[in-house]
Amino acid sequence: MLKKPEEIRTTSQLRSSNVRGLKSAMLEGHPEMEPYIDLLFPKQHSVIEAKLKAPHNNLSFTYVEKTIISIHCEDIMFPHLKLLHKFPFMLKKMQVDKGAIRFVIGGANVMAPGLVSAGGAIEEAKQGEIVAIMAEGKTHALAIGRMMKSTEEIRSNPTGAAIENLHYLNDGFWKMELPS
Amino acid sequence: METIYPLQVTYCPICTLPVEYCEYGPDFNACKKWIANNCPEAYPELAEEFEKIKLGEEPAPIEEAKAPVQAPTKKVKFEGPKQVKIALLKRGATKNITAISGLKDFGIDLKAEAKNIRKKFACGCSVVDDSIELQGNSVNQVYDHLSEIYPDMKLVIEEEGGKKKVNKGSKK
Ligand SMILES: [Zn+2]
């Protein structure tokens, strides 16, 4: 989605009602996150929303201090990878085999064969769901994606692209420099 | 043992990735030195090599076709020592700036040249660091102008990474 860091167009402080909305969106479907959610938004720091310049004006993200919290693209929202690394239970996990890692880190979508092979592993998820992309033999997520098909469909017909790659290690959001 | 959240992830200070992903990073060899000294357990299969690195040996060059990938990018960057680059930069969605860099290598007084250009093209023009910037898109005029007064000068017009003009409101 964002290959390299792009310039920020505007930054603005998020209203407290919007912060509440953001919190509840992050908790949706992941109640395990509940005890930690306030850690992400310490009271003494404000939440800043940053919008990117054209042609990426459909993208925005929020950050607190020096940490990016969430990334927004039109109607979808997902956590930044560093945040997911801290709380790996935030998203369902889809594991690709070793051979796929290189491609996913390059920004490619996850292909179904890499998920159903011996090194892959998938759990139940619906089409459109945001998931963590894990890798065979690794502990931490390497990307965040959106299911292009349901898990069931992937299992029954393991061909073609299965998960849209939204955010991956070393992409623009990973390297994004925040204004001080 | 119970896991405590938030998890502490070791990020490599060289390539910024979690250490376990260094091998997929832009330059694994550069990371190896740090890994050898700080967390060799991340790559048990490389234990032998890490011992050697600790003794001062350079990391073994990594396999396969990495070299040919890097060669062309180098060529595009800084090949010719003396050349003047004319580039079109974007300011906002609709405004352009023409930047001329490299004039200094030819011993040209940037301020005086900026003044010339200001007069000739009747546009805002100023010296920014080591380059001259004109307001508006005057790439072709600048090219003609410079090749006229400095016939020996090597001029390059730099396209901005295949980006198209303006692109108002386009997605992704
Ligand atoms: Zn590294």
# chains A, B, ... in the order shown; residues from 1 in each chain; ligands from 1
>>> residues_around(residues="Phe61 (chain A)", least_positions_apart="5", cutoff="8 Å", atoms="only C-alpha atoms", output="list in words")
Glu49, Ala50, Lys51, Ile68, Ile69, Ser70, Ile71 and His72 of chain A
>>> write_last_selection(atoms="N, CA, C and O atoms", output="tab-separated table (two decimals), in the first residue's frame")
chain	number	residue	atom	x	y	z
A	49	GLU	N	-3.51	12.59	14.65
A	49	GLU	CA	-3.86	11.95	13.38
A	49	GLU	C	-3.07	12.64	12.27
A	49	GLU	O	-3.05	13.87	12.21
A	50	ALA	N	-2.42	11.85	11.44
A	50	ALA	CA	-1.64	12.42	10.34
A	50	ALA	C	-2.22	11.94	9.02
A	50	ALA	O	-2.50	10.76	8.85
A	51	LYS	N	-2.40	12.90	8.09
A	51	LYS	CA	-2.89	12.53	6.76
A	51	LYS	C	-1.75	12.69	5.78
A	51	LYS	O	-0.93	13.60	5.92
A	68	ILE	N	3.50	4.85	16.19
A	68	ILE	CA	2.30	4.78	15.37
A	68	ILE	C	1.37	3.71	15.96
A	68	ILE	O	1.82	2.63	16.31
A	69	ILE	N	0.11	4.07	16.09
A	69	ILE	CA	-0.85	3.14	16.67
A	69	ILE	C	-1.62	2.43	15.56
A	69	ILE	O	-1.53	1.22	15.40
A	70	SER	N	-2.35	3.21	14.79
A	70	SER	CA	-3.20	2.58	13.79
A	70	SER	C	-3.03	3.25	12.43
A	70	SER	O	-2.61	4.39	12.34
A	71	ILE	N	-3.38	2.49	11.40
A	71	ILE	CA	-3.31	2.99	10.04
A	71	ILE	C	-4.71	2.89	9.45
A	71	ILE	O	-5.41	1.90	9.67
A	72	HIS	N	-5.12	3.92	8.73
A	72	HIS	CA	-6.47	3.95	8.19
A	72	HIS	C	-6.41	4.14	6.69
A	72	HIS	O	-5.67	4.98	6.20
>>> interface_residues(of="chain A", to="chain B", cutoff="12 Å", atoms="only C-alpha atoms", output="PyMOL selection string")
chain A and resi 1-3+7-9+32-33+35-37+39-40+52-59+73-74+81-90+98-106+134-143+166+168-171+174-176
>>> closest_residue(among="A:Gly119, A:Glu124, A:Ala132, A:Pro113", to="Thr159 (chain A)", atoms="only C-alpha atoms")
A:Pro113
>>> atom_distance(atom1="CA of Leu55 (chain B)", atom2="CA of Ile14 (chain B)")
20.2 Å
>>> closest_residue(among="B:Thr3, B:Ser126, B:Gln135, B:Asn29", to="ligand 1", atoms="only C-alpha atoms and all ligand atoms")
B:Asn29
>>> closest_residue(among="A:Ala25, A:Thr62, A:Ser16, A:Ala112", to="Ser156 (chain A)", atoms="only C-alpha atoms")
A:Ala112
>>> atom_distance(atom1="CA of Asp144 (chain B)", atom2="CA of Thr94 (chain B)")
24.2 Å
>>> atom_distance(atom1="CA of Ile48 (chain A)", atom2="CA of Leu27 (chain A)")
19.5 Å
>>> select_by_dssp(residues="chain A", states="alpha helix (DSSP H)", output="ChimeraX atom specification")
/A:16-27,37-40,81-86,98-105,112-116,151-156,172-175
>>> closest_residue(among="B:Ala99, B:Glu148, B:Glu57, B:Val84", to="Cys125 (chain B)", atoms="only C-alpha atoms")
B:Ala99
>>> residues_around(residues="Val131 (chain A)", least_positions_apart="4", cutoff="6 Å", atoms="only C-alpha atoms", output="PDB file with C-alpha atoms, in the first residue's frame")
ATOM      1  CA  LEU A  91      -5.329 -10.198  15.114  1.00  0.00           C
ATOM      2  CA  LYS A  92      -5.949 -13.690  13.836  1.00  0.00           C
ATOM      3  CA  LYS A  93      -2.815 -15.348  12.575  1.00  0.00           C
ATOM      4  CA  ILE A 144      -0.775  -7.334   8.072  1.00  0.00           C
ATOM      5  CA  GLY A 145      -3.297  -8.183   5.438  1.00  0.00           C
TER       6      GLY A 145
END
